[in-house]
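Note: the block below is upload-v1.cif and it holds mmCIF, C-alpha atoms and all ligand atoms; chains and numbers go by the auth columns.
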data_input
#
loop_
_atom_site.group_PDB
_atom_site.id
_atom_site.type_symbol
_atom_site.label_atom_id
_atom_site.label_comp_id
_atom_site.label_asym_id
_atom_site.label_seq_id
_atom_site.Cartn_x
_atom_site.Cartn_y
_atom_site.Cartn_z
_atom_site.B_iso_or_equiv
_atom_site.auth_seq_id
_atom_site.auth_asym_id
ATOM 1 C CA MET A 1 0.000 0.000 0.000 0.00 1 A
ATOM 2 C CA THR A 2 1.317 3.480 -0.851 0.00 2 A
ATOM 3 C CA ILE A 3 0.704 6.151 1.758 0.00 3 A
ATOM 4 C CA HIS A 4 0.021 9.457 -0.033 0.00 4 A
ATOM 5 C CA SER A 5 -0.384 11.724 2.947 0.00 5 A
ATOM 6 C CA THR A 6 0.017 11.790 6.679 0.00 6 A
ATOM 7 C CA SER A 7 -1.840 13.970 9.156 0.00 7 A
ATOM 8 C CA GLU A 8 1.438 15.135 10.744 0.00 8 A
ATOM 9 C CA ALA A 9 3.424 17.749 8.854 0.00 9 A
ATOM 10 C CA SER A 10 7.140 17.118 8.266 0.00 10 A
ATOM 11 C CA GLU A 11 9.980 19.378 7.221 0.00 11 A
ATOM 12 C CA ALA A 12 11.445 18.638 3.812 0.00 12 A
ATOM 13 C CA TYR A 13 14.536 20.226 2.239 0.00 13 A
ATOM 14 C CA ILE A 14 14.689 20.603 -1.541 0.00 14 A
ATOM 15 C CA ALA A 15 17.210 21.880 -4.092 0.00 15 A
ATOM 16 C CA LEU A 16 16.191 23.872 -7.161 0.00 16 A
ATOM 17 C CA GLY A 17 18.241 24.521 -10.288 0.00 17 A
ATOM 18 C CA ALA A 18 17.616 26.159 -13.679 0.00 18 A
ATOM 19 C CA ASN A 19 19.832 26.941 -16.656 0.00 19 A
ATOM 20 C CA LEU A 20 17.483 27.524 -19.609 0.00 20 A
ATOM 21 C CA GLY A 21 15.033 30.375 -20.337 0.00 21 A
ATOM 22 C CA ASP A 22 14.007 32.876 -17.634 0.00 22 A
ATOM 23 C CA ARG A 23 15.921 31.077 -14.873 0.00 23 A
ATOM 24 C CA GLU A 24 14.901 33.308 -11.946 0.00 24 A
ATOM 25 C CA GLY A 25 11.269 33.516 -13.103 0.00 25 A
ATOM 26 C CA THR A 26 11.082 29.728 -13.390 0.00 26 A
ATOM 27 C CA LEU A 27 12.500 29.196 -9.879 0.00 27 A
ATOM 28 C CA LYS A 28 9.864 31.614 -8.488 0.00 28 A
ATOM 29 C CA GLU A 29 7.108 29.859 -10.393 0.00 29 A
ATOM 30 C CA ALA A 30 8.219 26.440 -9.103 0.00 30 A
ATOM 31 C CA LEU A 31 8.026 27.799 -5.528 0.00 31 A
ATOM 32 C CA ASN A 32 4.580 29.323 -6.205 0.00 32 A
ATOM 33 C CA ARG A 33 3.263 26.043 -7.582 0.00 33 A
ATOM 34 C CA LEU A 34 4.616 24.044 -4.638 0.00 34 A
ATOM 35 C CA ASN A 35 3.086 26.532 -2.181 0.00 35 A
ATOM 36 C CA GLN A 36 -0.284 26.426 -3.946 0.00 36 A
ATOM 37 C CA HIS A 37 -0.589 22.709 -3.194 0.00 37 A
ATOM 38 C CA ALA A 38 -2.866 22.127 -0.173 0.00 38 A
ATOM 39 C CA GLY A 39 -0.349 19.735 1.406 0.00 39 A
ATOM 40 C CA ILE A 40 2.782 21.865 0.909 0.00 40 A
ATOM 41 C CA GLU A 41 3.918 25.144 2.445 0.00 41 A
ATOM 42 C CA VAL A 42 7.155 26.875 1.444 0.00 42 A
ATOM 43 C CA VAL A 43 8.590 27.971 4.792 0.00 43 A
ATOM 44 C CA ARG A 44 12.026 29.394 4.001 0.00 44 A
ATOM 45 C CA CYS A 45 14.252 30.008 0.964 0.00 45 A
ATOM 46 C CA SER A 46 18.005 30.367 0.535 0.00 46 A
ATOM 47 C CA SER A 47 19.709 33.010 -1.526 0.00 47 A
ATOM 48 C CA VAL A 48 20.006 32.249 -5.231 0.00 48 A
ATOM 49 C CA TYR A 49 23.509 31.546 -6.569 0.00 49 A
ATOM 50 C CA GLU A 50 24.784 31.564 -10.133 0.00 50 A
ATOM 51 C CA THR A 51 26.962 28.475 -10.593 0.00 51 A
ATOM 52 C CA GLU A 52 29.277 27.007 -13.217 0.00 52 A
ATOM 53 C CA PRO A 53 27.923 23.756 -14.665 0.00 53 A
ATOM 54 C CA VAL A 54 29.244 20.580 -13.039 0.00 54 A
ATOM 55 C CA GLY A 55 29.363 17.145 -14.676 0.00 55 A
ATOM 56 C CA TYR A 56 28.307 18.057 -18.204 0.00 56 A
ATOM 57 C CA LEU A 57 30.251 21.266 -18.895 0.00 57 A
ATOM 58 C CA ASP A 58 29.021 22.423 -22.336 0.00 58 A
ATOM 59 C CA GLN A 59 25.855 24.139 -21.089 0.00 59 A
ATOM 60 C CA PRO A 60 24.806 27.548 -19.682 0.00 60 A
ATOM 61 C CA GLN A 61 25.392 28.612 -16.089 0.00 61 A
ATOM 62 C CA PHE A 62 22.803 27.559 -13.533 0.00 62 A
ATOM 63 C CA LEU A 63 20.869 29.425 -10.904 0.00 63 A
ATOM 64 C CA ASN A 64 20.706 27.222 -7.799 0.00 64 A
ATOM 65 C CA MET A 65 18.876 27.589 -4.499 0.00 65 A
ATOM 66 C CA ALA A 66 17.362 25.522 -1.665 0.00 66 A
ATOM 67 C CA ALA A 67 14.052 25.710 0.195 0.00 67 A
ATOM 68 C CA VAL A 68 12.426 24.277 3.305 0.00 68 A
ATOM 69 C CA LEU A 69 8.884 22.929 2.963 0.00 69 A
ATOM 70 C CA ARG A 70 6.371 21.831 5.558 0.00 70 A
ATOM 71 C CA THR A 71 4.293 19.065 4.110 0.00 71 A
ATOM 72 C CA THR A 72 1.633 16.548 5.030 0.00 72 A
ATOM 73 C CA LEU A 73 2.514 14.524 1.915 0.00 73 A
ATOM 74 C CA ALA A 74 4.486 11.307 2.183 0.00 74 A
ATOM 75 C CA PRO A 75 7.912 11.622 0.482 0.00 75 A
ATOM 76 C CA GLU A 76 6.883 9.643 -2.640 0.00 76 A
ATOM 77 C CA ALA A 77 3.838 11.875 -3.117 0.00 77 A
ATOM 78 C CA LEU A 78 5.920 15.027 -2.575 0.00 78 A
ATOM 79 C CA LEU A 79 8.452 13.858 -5.195 0.00 79 A
ATOM 80 C CA HIS A 80 5.570 13.099 -7.565 0.00 80 A
ATOM 81 C CA GLU A 81 4.335 16.721 -7.205 0.00 81 A
ATOM 82 C CA MET A 82 7.865 18.029 -7.759 0.00 82 A
ATOM 83 C CA LEU A 83 8.323 15.970 -10.952 0.00 83 A
ATOM 84 C CA ASP A 84 4.907 17.130 -12.141 0.00 84 A
ATOM 85 C CA ILE A 85 5.880 20.791 -11.625 0.00 85 A
ATOM 86 C CA GLU A 86 9.162 20.176 -13.521 0.00 86 A
ATOM 87 C CA SER A 87 7.113 18.928 -16.509 0.00 87 A
ATOM 88 C CA GLN A 88 4.613 21.811 -16.279 0.00 88 A
ATOM 89 C CA LEU A 89 7.564 24.234 -16.427 0.00 89 A
ATOM 90 C CA GLY A 90 8.982 22.678 -19.581 0.00 90 A
ATOM 91 C CA ARG A 91 11.572 20.235 -18.217 0.00 91 A
ATOM 92 C CA VAL A 92 12.590 17.774 -20.934 0.00 92 A
ATOM 93 C CA ARG A 93 14.846 14.830 -19.977 0.00 93 A
ATOM 94 C CA ASP A 94 17.438 14.107 -22.653 0.00 94 A
ATOM 95 C CA VAL A 95 21.114 14.625 -21.678 0.00 95 A
ATOM 96 C CA ARG A 96 21.968 13.265 -18.187 0.00 96 A
ATOM 97 C CA TYR A 97 23.260 16.201 -16.094 0.00 97 A
ATOM 98 C CA GLY A 98 22.369 18.369 -19.117 0.00 98 A
ATOM 99 C CA PRO A 99 20.477 21.689 -19.478 0.00 99 A
ATOM 100 C CA ARG A 100 17.012 22.082 -17.976 0.00 100 A
ATOM 101 C CA THR A 101 14.389 24.785 -17.436 0.00 101 A
ATOM 102 C CA VAL A 102 14.067 23.542 -13.863 0.00 102 A
ATOM 103 C CA ASP A 103 15.320 20.685 -11.673 0.00 103 A
ATOM 104 C CA LEU A 104 13.724 19.908 -8.303 0.00 104 A
ATOM 105 C CA ASP A 105 15.551 17.429 -6.068 0.00 105 A
ATOM 106 C CA LEU A 106 14.250 16.119 -2.763 0.00 106 A
ATOM 107 C CA LEU A 107 17.253 16.209 -0.440 0.00 107 A
ATOM 108 C CA TRP A 108 16.113 15.366 3.061 0.00 108 A
ATOM 109 C CA VAL A 109 12.869 14.709 4.942 0.00 109 A
ATOM 110 C CA GLU A 110 12.984 14.598 8.730 0.00 110 A
ATOM 111 C CA ASN A 111 12.988 11.065 10.150 0.00 111 A
ATOM 112 C CA GLN A 112 12.677 9.460 6.700 0.00 112 A
ATOM 113 C CA SER A 113 14.971 7.357 4.561 0.00 113 A
ATOM 114 C CA PHE A 114 14.155 5.577 1.297 0.00 114 A
ATOM 115 C CA ASP A 115 15.975 3.358 -1.139 0.00 115 A
ATOM 116 C CA THR A 116 13.595 2.459 -3.951 0.00 116 A
ATOM 117 C CA PRO A 117 14.037 2.733 -7.760 0.00 117 A
ATOM 118 C CA ASP A 118 12.051 6.002 -7.742 0.00 118 A
ATOM 119 C CA LEU A 119 13.257 7.647 -4.534 0.00 119 A
ATOM 120 C CA THR A 120 16.520 7.694 -2.607 0.00 120 A
ATOM 121 C CA LEU A 121 16.515 9.710 0.609 0.00 121 A
ATOM 122 C CA PRO A 122 18.649 11.402 1.766 0.00 122 A
ATOM 123 C CA HIS A 123 19.590 12.404 -1.793 0.00 123 A
ATOM 124 C CA PRO A 124 22.764 10.382 -2.494 0.00 124 A
ATOM 125 C CA ARG A 125 24.735 13.191 -4.172 0.00 125 A
ATOM 126 C CA MET A 126 23.727 16.195 -2.067 0.00 126 A
ATOM 127 C CA LEU A 127 26.864 16.327 0.081 0.00 127 A
ATOM 128 C CA GLU A 128 29.224 16.188 -2.947 0.00 128 A
ATOM 129 C CA ARG A 129 27.817 19.235 -4.701 0.00 129 A
ATOM 130 C CA ALA A 130 28.796 22.755 -3.693 0.00 130 A
ATOM 131 C CA PHE A 131 25.855 24.108 -5.762 0.00 131 A
ATOM 132 C CA VAL A 132 23.558 22.174 -3.375 0.00 132 A
ATOM 133 C CA LEU A 133 25.504 22.503 -0.105 0.00 133 A
ATOM 134 C CA ILE A 134 26.021 26.268 -0.170 0.00 134 A
ATOM 135 C CA PRO A 135 22.307 27.121 -0.589 0.00 135 A
ATOM 136 C CA LEU A 136 21.316 24.342 1.833 0.00 136 A
ATOM 137 C CA ASN A 137 23.654 25.833 4.431 0.00 137 A
ATOM 138 C CA ASP A 138 21.563 29.059 4.223 0.00 138 A
ATOM 139 C CA VAL A 139 18.325 27.337 5.268 0.00 139 A
ATOM 140 C CA VAL A 140 19.358 24.648 7.787 0.00 140 A
ATOM 141 C CA PRO A 141 19.348 26.164 11.285 0.00 141 A
ATOM 142 C CA GLN A 142 22.844 26.516 12.761 0.00 142 A
ATOM 143 C CA LYS A 143 21.848 24.735 15.959 0.00 143 A
ATOM 144 C CA GLU A 144 19.795 21.863 14.658 0.00 144 A
ATOM 145 C CA GLU A 145 21.059 18.878 16.622 0.00 145 A
ATOM 146 C CA SER A 146 18.122 16.485 16.368 0.00 146 A
ATOM 147 C CA SER A 147 18.125 15.599 12.656 0.00 147 A
ATOM 148 C CA GLY A 148 21.864 15.451 12.068 0.00 148 A
ATOM 149 C CA LEU A 149 21.474 17.439 8.835 0.00 149 A
ATOM 150 C CA ARG A 150 23.386 20.411 10.284 0.00 150 A
ATOM 151 C CA GLN A 151 26.354 18.194 11.254 0.00 151 A
ATOM 152 C CA PHE A 152 26.437 16.567 7.797 0.00 152 A
ATOM 153 C CA ILE A 153 26.430 19.948 6.043 0.00 153 A
ATOM 154 C CA THR A 154 29.067 21.503 8.260 0.00 154 A
ATOM 155 C CA ALA A 155 31.377 18.502 7.735 0.00 155 A
ATOM 156 C CA ALA A 156 30.763 18.368 3.963 0.00 156 A
ATOM 157 C CA LEU A 157 31.382 22.119 3.557 0.00 157 A
ATOM 158 C CA GLN A 158 34.862 21.601 5.012 0.00 158 A
ATOM 159 C CA ASP A 159 35.596 18.966 2.337 0.00 159 A
ATOM 160 C CA ILE A 160 34.558 20.953 -0.750 0.00 160 A
ATOM 161 C CA ASP A 161 36.909 23.243 -2.673 0.00 161 A
ATOM 162 C CA GLY A 162 35.680 26.614 -1.431 0.00 162 A
ATOM 163 C CA ARG A 163 33.138 28.668 -3.337 0.00 163 A
ATOM 164 C CA GLU A 164 34.874 28.804 -6.700 0.00 164 A
ATOM 165 C CA GLY A 165 32.347 28.906 -9.561 0.00 165 A
ATOM 166 C CA ILE A 166 29.561 30.037 -7.219 0.00 166 A
ATOM 167 C CA ARG A 167 28.433 33.680 -7.080 0.00 167 A
ATOM 168 C CA LEU A 168 25.605 35.276 -5.143 0.00 168 A
ATOM 169 C CA TRP A 169 22.788 36.224 -7.580 0.00 169 A
ATOM 170 C CA THR A 170 20.104 37.541 -5.200 0.00 170 A
ATOM 171 C CA THR A 171 19.297 37.177 -1.514 0.00 171 A
ATOM 172 C CA ASN A 172 15.559 37.497 -1.908 0.00 172 A
ATOM 173 C CA VAL A 173 13.977 35.577 -4.755 0.00 173 A
ATOM 174 C CA TRP A 174 10.567 34.775 -3.335 0.00 174 A
ATOM 175 C CA ASP A 175 8.098 37.047 -1.567 0.00 175 A
ATOM 176 C CA GLY A 176 5.817 34.314 -0.238 0.00 176 A
ATOM 177 C CA GLY A 177 3.865 34.045 -3.478 0.00 177 A
ATOM 178 C CA SER A 178 0.095 33.884 -3.596 0.00 178 A
ATOM 179 C CA GLU A 179 -1.853 32.417 -0.659 0.00 179 A
ATOM 180 C CA HIS A 180 -0.962 28.898 0.455 0.00 180 A
ATOM 181 C CA SER A 181 -4.145 26.875 -0.045 0.00 181 A
ATOM 182 C CA GLY A 182 -3.712 24.589 2.984 0.00 182 A
ATOM 183 C CA SER A 183 -4.765 25.385 6.542 0.00 183 A
HETATM 184 N N1 LIG B . 15.792 12.255 -3.737 0.00 1 B
HETATM 185 C C1 LIG B . 15.434 12.363 -5.031 0.00 1 B
HETATM 186 N N2 LIG B . 15.115 13.578 -5.560 0.00 1 B
HETATM 187 C C2 LIG B . 14.771 13.686 -6.869 0.00 1 B
HETATM 188 N N3 LIG B . 14.687 12.644 -7.745 0.00 1 B
HETATM 189 C C3 LIG B . 14.990 11.422 -7.258 0.00 1 B
HETATM 190 C C4 LIG B . 15.380 11.226 -5.894 0.00 1 B
HETATM 191 N N4 LIG B . 15.614 9.899 -5.697 0.00 1 B
HETATM 192 C C5 LIG B . 15.386 9.293 -6.867 0.00 1 B
HETATM 193 N N5 LIG B . 15.016 10.202 -7.807 0.00 1 B
HETATM 194 C C6 LIG B . 14.701 9.836 -9.189 0.00 1 B
HETATM 195 O O1 LIG B . 15.670 10.364 -10.059 0.00 1 B
HETATM 196 C C7 LIG B . 15.061 10.481 -11.323 0.00 1 B
HETATM 197 C C8 LIG B . 15.886 11.355 -12.241 0.00 1 B
HETATM 198 O O2 LIG B . 15.960 12.651 -11.704 0.00 1 B
HETATM 199 P P1 LIG B . 16.644 13.819 -12.537 0.00 1 B
HETATM 200 O O3 LIG B . 16.416 13.632 -14.006 0.00 1 B
HETATM 201 O O4 LIG B . 16.193 15.124 -11.936 0.00 1 B
HETATM 202 O O5 LIG B . 18.196 13.551 -12.254 0.00 1 B
HETATM 203 P P2 LIG B . 19.344 14.590 -12.516 0.00 1 B
HETATM 204 O O6 LIG B . 18.916 15.903 -11.906 0.00 1 B
HETATM 205 O O7 LIG B . 19.716 14.605 -13.976 0.00 1 B
HETATM 206 O O8 LIG B . 20.538 13.977 -11.686 0.00 1 B
HETATM 207 P P3 LIG B . 20.687 14.008 -10.126 0.00 1 B
HETATM 208 O O9 LIG B . 19.695 13.021 -9.580 0.00 1 B
HETATM 209 O O10 LIG B . 22.098 13.592 -9.915 0.00 1 B
HETATM 210 O O11 LIG B . 20.407 15.412 -9.648 0.00 1 B
HETATM 211 C C9 LIG B . 13.651 10.949 -11.032 0.00 1 B
HETATM 212 O O12 LIG B . 12.747 10.430 -11.963 0.00 1 B
HETATM 213 C C10 LIG B . 13.361 10.416 -9.630 0.00 1 B
HETATM 214 O O13 LIG B . 12.407 9.365 -9.624 0.00 1 B
HETATM 215 N N1 LIG B . 26.124 24.159 -11.404 0.00 2 B
HETATM 216 C C1 LIG B . 25.281 23.134 -11.582 0.00 2 B
HETATM 217 N N2 LIG B . 25.674 22.064 -12.274 0.00 2 B
HETATM 218 C C2 LIG B . 24.815 21.037 -12.449 0.00 2 B
HETATM 219 C C3 LIG B . 23.509 21.083 -11.905 0.00 2 B
HETATM 220 C C4 LIG B . 23.117 22.234 -11.172 0.00 2 B
HETATM 221 O O1 LIG B . 21.967 22.339 -10.666 0.00 2 B
HETATM 222 N N3 LIG B . 24.034 23.236 -11.030 0.00 2 B
HETATM 223 N N4 LIG B . 22.661 20.036 -12.060 0.00 2 B
HETATM 224 C C5 LIG B . 23.053 18.953 -12.686 0.00 2 B
HETATM 225 C C6 LIG B . 22.131 17.787 -12.800 0.00 2 B
HETATM 226 O O2 LIG B . 21.652 17.359 -11.590 0.00 2 B
HETATM 227 C C7 LIG B . 24.373 18.817 -13.329 0.00 2 B
HETATM 228 N N5 LIG B . 25.207 19.948 -13.125 0.00 2 B
#

Mind turning this structure into structure tokens?
Ligand SMILES: Nc1ncnc2c1ncn2[C@@H]1O[C@H](COP(=O)(O)OP(=O)(O)OP(=O)(O)O)[C@@H](O)[C@H]1O
Ligand SMILES: Nc1nc2c(c(=O)[nH]1)N=C(CO)CN2
Amino acid sequence: MTIHSTSEASEAYIALGANLGDREGTLKEALNRLNQHAGIEVVRCSSVYETEPVGYLDQPQFLNMAAVLRTTLAPEALLHEMLDIESQLGRVRDVRYGPRTVDLDLLWVENQSFDTPDLTLPHPRMLERAFVLIPLNDVVPQKEESSGLRQFITAALQDIDGREGIRLWTTNVWDGGSEHSGS
């Protein structure tokens, strides 16, 4: 049986990236669409950073950011909504690690781990990628001892090669959007 929602809300951390079209506008629209879902509230956003492409190099620079959601959706259902929003915003999957109008990755959900063909949680590559870690560091509380996420980030930040290829784009990308439709 698949559980689509739970009555208790959980905190979920996501990464957003975009390197085609109106990158900043698409990131805002992805946040609006998440927040419009009755089971999802966007609680906090990082700054937006412009980053050099990693992995597949022959593509435009990305804008990357992270956000904290509160959600009553189970992780599989949340990922389903995120993939749906990627498609609505013109994401086409062709080149692995290649250009995209928007990429939404589910990084971490409190007290949850998954290892299925469709969902791995925590996200297996999040601690290797400065374009994920630096925005995530903005939104994870400095003194969060319970989940362990803060300790993982602090340790991983010490292992990455500084902030080369990562520039601040804007500190304030999202104004809260239109009303959240949940209670
Ligand atoms: N934690 C997760 N967050 C997002 N997608 C995930 C996760 N775990 C598994 N997936 C699966 O990965 C698939 C491919 O995702 P996607 O095309 O965005 O990968 P990518 O962005 O090119 O690479 P990467 O996963 O390294 O960021 C999705 O269809 C999804 O089912
Ligand atoms: N700078 C940067 N490089 C990438 C990114 C991204 O979001 N930012 N996403 C990728 C596919 O997951 C591959 N490479």

Shortest contact to Glu164 in chain A, candidates A:Phe114, A:Phe152, A:Trp108, A:Phe131, atoms counted all atoms listed in the file, goes to A:Phe131

Near-range 90-96 of chain A list (12 Å; all atoms listed in the file; drop same-chain fewer than 2 positions) as a CSV table (one decimal) with C-alpha atoms, in the frame of the given file:
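Once written, result-v6.csv looks like this:
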chain,number,residue,atom,x,y,z
A,17,GLY,CA,18.2,24.5,-10.3
A,18,ALA,CA,17.6,26.2,-13.7
A,19,ASN,CA,19.8,26.9,-16.7
A,20,LEU,CA,17.5,27.5,-19.6
A,21,GLY,CA,15.0,30.4,-20.3
A,22,ASP,CA,14.0,32.9,-17.6
A,23,ARG,CA,15.9,31.1,-14.9
A,26,THR,CA,11.1,29.7,-13.4
A,29,GLU,CA,7.1,29.9,-10.4
A,30,ALA,CA,8.2,26.4,-9.1
A,54,VAL,CA,29.2,20.6,-13.0
A,55,GLY,CA,29.4,17.1,-14.7
A,56,TYR,CA,28.3,18.1,-18.2
A,57,LEU,CA,30.3,21.3,-18.9
A,58,ASP,CA,29.0,22.4,-22.3
A,59,GLN,CA,25.9,24.1,-21.1
A,82,MET,CA,7.9,18.0,-7.8
A,83,LEU,CA,8.3,16.0,-11.0
A,84,ASP,CA,4.9,17.1,-12.1
A,85,ILE,CA,5.9,20.8,-11.6
A,86,GLU,CA,9.2,20.2,-13.5
A,87,SER,CA,7.1,18.9,-16.5
A,88,GLN,CA,4.6,21.8,-16.3
A,98,GLY,CA,22.4,18.4,-19.1
A,99,PRO,CA,20.5,21.7,-19.5
A,100,ARG,CA,17.0,22.1,-18.0
A,101,THR,CA,14.4,24.8,-17.4
A,102,VAL,CA,14.1,23.5,-13.9
A,103,ASP,CA,15.3,20.7,-11.7
A,104,LEU,CA,13.7,19.9,-8.3

Inset, instruction - Residues within 6 Å of ligand LIG 1 (chain B), counting all atoms listed in the file: report them as number ranges by chain. - result: A: 96-97, 103, 105-107, 118-121, 123

Could you work out an axis-aligned box for ligand LIG 2 (chain B), taking every atom the file lists and adding 5 Å on each side, and report centre and edge lengths in Å to one decimal, as AutoDock Vina command-line options?
--center_x 23.9 --center_y 20.8 --center_z -12.0 --size_x 14.5 --size_y 16.8 --size_z 12.7

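Interatomic distance, atom O1 of ligand LIG 2 (chain B) to CA of Phe62 in chain A: 6.0 Å.
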
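Each of A:Met126, A:Ala38, A:Leu136, A:Leu89 was compared to Ala67 in chain A using only C-alpha atoms, and A:Leu136 turns out to be the nearest.
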
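With distances taken over all atoms listed in the file, A:Val132 is the one residue among A:Ser113, A:Val132, A:Leu79, A:Leu31 lying closest to ligand LIG 2 (chain B).
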
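Proximity of A:Glu41, A:Glu76, A:Glu8, A:Glu128 to ligand LIG 2 (chain B), computed with only C-alpha atoms and all ligand atoms, is greatest for A:Glu128.
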
Specify as a VMD selection string each residue included when the PyMOL selection byres (((chain A and resi 135) around 8) and not hetatm) is applied to this file. chain A and resid 46 to 49 64 to 66 131 to 134 136 to 139

Neighbours of Trp174 in chain A within 9 Å (all atoms listed in the file; same-chain residues fewer than 3 positions away dropped), as a list in words? Leu27, Lys28, Leu31, Asn32, Cys45 and Gly177 of chain A

Take the residues from that selection and put them in a file with C-alpha atoms, as an mmCIF file, in the frame of the given file.
data_model
loop_
_atom_site.group_PDB
_atom_site.id
_atom_site.type_symbol
_atom_site.label_atom_id
_atom_site.label_comp_id
_atom_site.auth_asym_id
_atom_site.auth_seq_id
_atom_site.Cartn_x
_atom_site.Cartn_y
_atom_site.Cartn_z
ATOM 1 C CA LEU A 27 12.500 29.196 -9.879
ATOM 2 C CA LYS A 28 9.864 31.614 -8.488
ATOM 3 C CA LEU A 31 8.026 27.799 -5.528
ATOM 4 C CA ASN A 32 4.580 29.323 -6.205
ATOM 5 C CA CYS A 45 14.252 30.008 0.964
ATOM 6 C CA GLY A 177 3.865 34.045 -3.478
#

In terms of all atoms listed in the file, the residue from A:Pro122, A:Gly165, A:Pro75, A:Gly176 at minimal distance from ligand LIG 2 (chain B) is A:Gly165

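For the pair CA of Val68 in chain A and CA of Arg44 in chain A, the interatomic distance is 5.2 Å.
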
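Interatomic distance, CA of Gln61 in chain A against atom N1 of ligand LIG 2 (chain B): 6.5 Å.
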
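With all atoms listed in the file as the atoms that count, the residue of A:Glu11, A:Asp115, A:Glu52, A:Glu24 with the shortest distance to ligand LIG 2 (chain B) is A:Glu52.
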
(Q) Could you list, as a list of chain:residue names, every residue matched by the PyMOL selection byres (((chain A and resi 10) around 12) and not hetatm) in this structure? (A) A:Ser5, A:Thr6, A:Ser7, A:Glu8, A:Ala9, A:Glu11, A:Ala12, A:Tyr13, A:Gly39, A:Ile40, A:Glu41, A:Val42, A:Val43, A:Val68, A:Leu69, A:Arg70, A:Thr71, A:Thr72, A:Leu73, A:Ala74, A:Pro75, A:Leu78, A:Trp108, A:Val109, A:Glu110, A:Asn111, A:Gln112, A:Ser147

**Surrounding residues of Gln142 in chain A excluding itself and chain neighbours under 6 positions, 12 Å, all atoms listed in the file, as a ChimeraX atom specification** = /A:136,148-154

Take the residues from that selection and write them out as a CSV table (one decimal), in the coordinates of the input, keeping C-alpha atoms.
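File written: selection.csv
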chain,number,residue,atom,x,y,z
A,136,LEU,CA,21.3,24.3,1.8
A,148,GLY,CA,21.9,15.5,12.1
A,149,LEU,CA,21.5,17.4,8.8
A,150,ARG,CA,23.4,20.4,10.3
A,151,GLN,CA,26.4,18.2,11.3
A,152,PHE,CA,26.4,16.6,7.8
A,153,ILE,CA,26.4,19.9,6.0
A,154,THR,CA,29.1,21.5,8.3

Please return range 20-24 of chain A, rebuilt to all heavy atoms, as an mmCIF file, keeping the file's coordinate frame.
data_model
loop_
_atom_site.group_PDB
_atom_site.id
_atom_site.type_symbol
_atom_site.label_atom_id
_atom_site.label_comp_id
_atom_site.auth_asym_id
_atom_site.auth_seq_id
_atom_site.Cartn_x
_atom_site.Cartn_y
_atom_site.Cartn_z
ATOM 1 N N LEU A 20 18.038 27.173 -18.292
ATOM 2 C CA LEU A 20 17.483 27.524 -19.609
ATOM 3 C C LEU A 20 16.346 28.521 -19.423
ATOM 4 O O LEU A 20 15.606 28.424 -18.444
ATOM 5 C CB LEU A 20 16.917 26.281 -20.306
ATOM 6 C CG LEU A 20 17.882 25.203 -20.786
ATOM 7 C CD1 LEU A 20 17.097 24.056 -21.424
ATOM 8 C CD2 LEU A 20 18.919 25.757 -21.756
ATOM 9 N N GLY A 21 16.176 29.447 -20.363
ATOM 10 C CA GLY A 21 15.033 30.375 -20.337
ATOM 11 C C GLY A 21 15.177 31.411 -19.233
ATOM 12 O O GLY A 21 16.290 31.801 -18.848
ATOM 13 N N ASP A 22 14.046 31.873 -18.711
ATOM 14 C CA ASP A 22 14.007 32.876 -17.634
ATOM 15 C C ASP A 22 14.266 32.136 -16.312
ATOM 16 O O ASP A 22 13.331 31.716 -15.628
ATOM 17 C CB ASP A 22 12.633 33.555 -17.629
ATOM 18 C CG ASP A 22 12.440 34.471 -16.406
ATOM 19 O OD1 ASP A 22 13.410 34.714 -15.652
ATOM 20 O OD2 ASP A 22 11.290 34.916 -16.198
ATOM 21 N N ARG A 23 15.552 31.962 -15.978
ATOM 22 C CA ARG A 23 15.921 31.077 -14.873
ATOM 23 C C ARG A 23 15.297 31.522 -13.555
ATOM 24 O O ARG A 23 14.701 30.729 -12.832
ATOM 25 C CB ARG A 23 17.450 31.006 -14.738
ATOM 26 C CG ARG A 23 18.157 30.480 -15.978
ATOM 27 C CD ARG A 23 19.670 30.627 -15.859
ATOM 28 N NE ARG A 23 20.064 32.013 -15.666
ATOM 29 C CZ ARG A 23 21.297 32.404 -15.353
ATOM 30 N NH1 ARG A 23 22.260 31.506 -15.186
ATOM 31 N NH2 ARG A 23 21.577 33.677 -15.205
ATOM 32 N N GLU A 24 15.423 32.833 -13.235
ATOM 33 C CA GLU A 24 14.901 33.308 -11.946
ATOM 34 C C GLU A 24 13.377 33.211 -11.910
ATOM 35 O O GLU A 24 12.778 32.795 -10.911
ATOM 36 C CB GLU A 24 15.376 34.744 -11.693
ATOM 37 C CG GLU A 24 15.038 35.213 -10.304
ATOM 38 C CD GLU A 24 15.537 36.627 -9.991
ATOM 39 O OE1 GLU A 24 16.625 37.024 -10.462
ATOM 40 O OE2 GLU A 24 14.822 37.333 -9.252
#
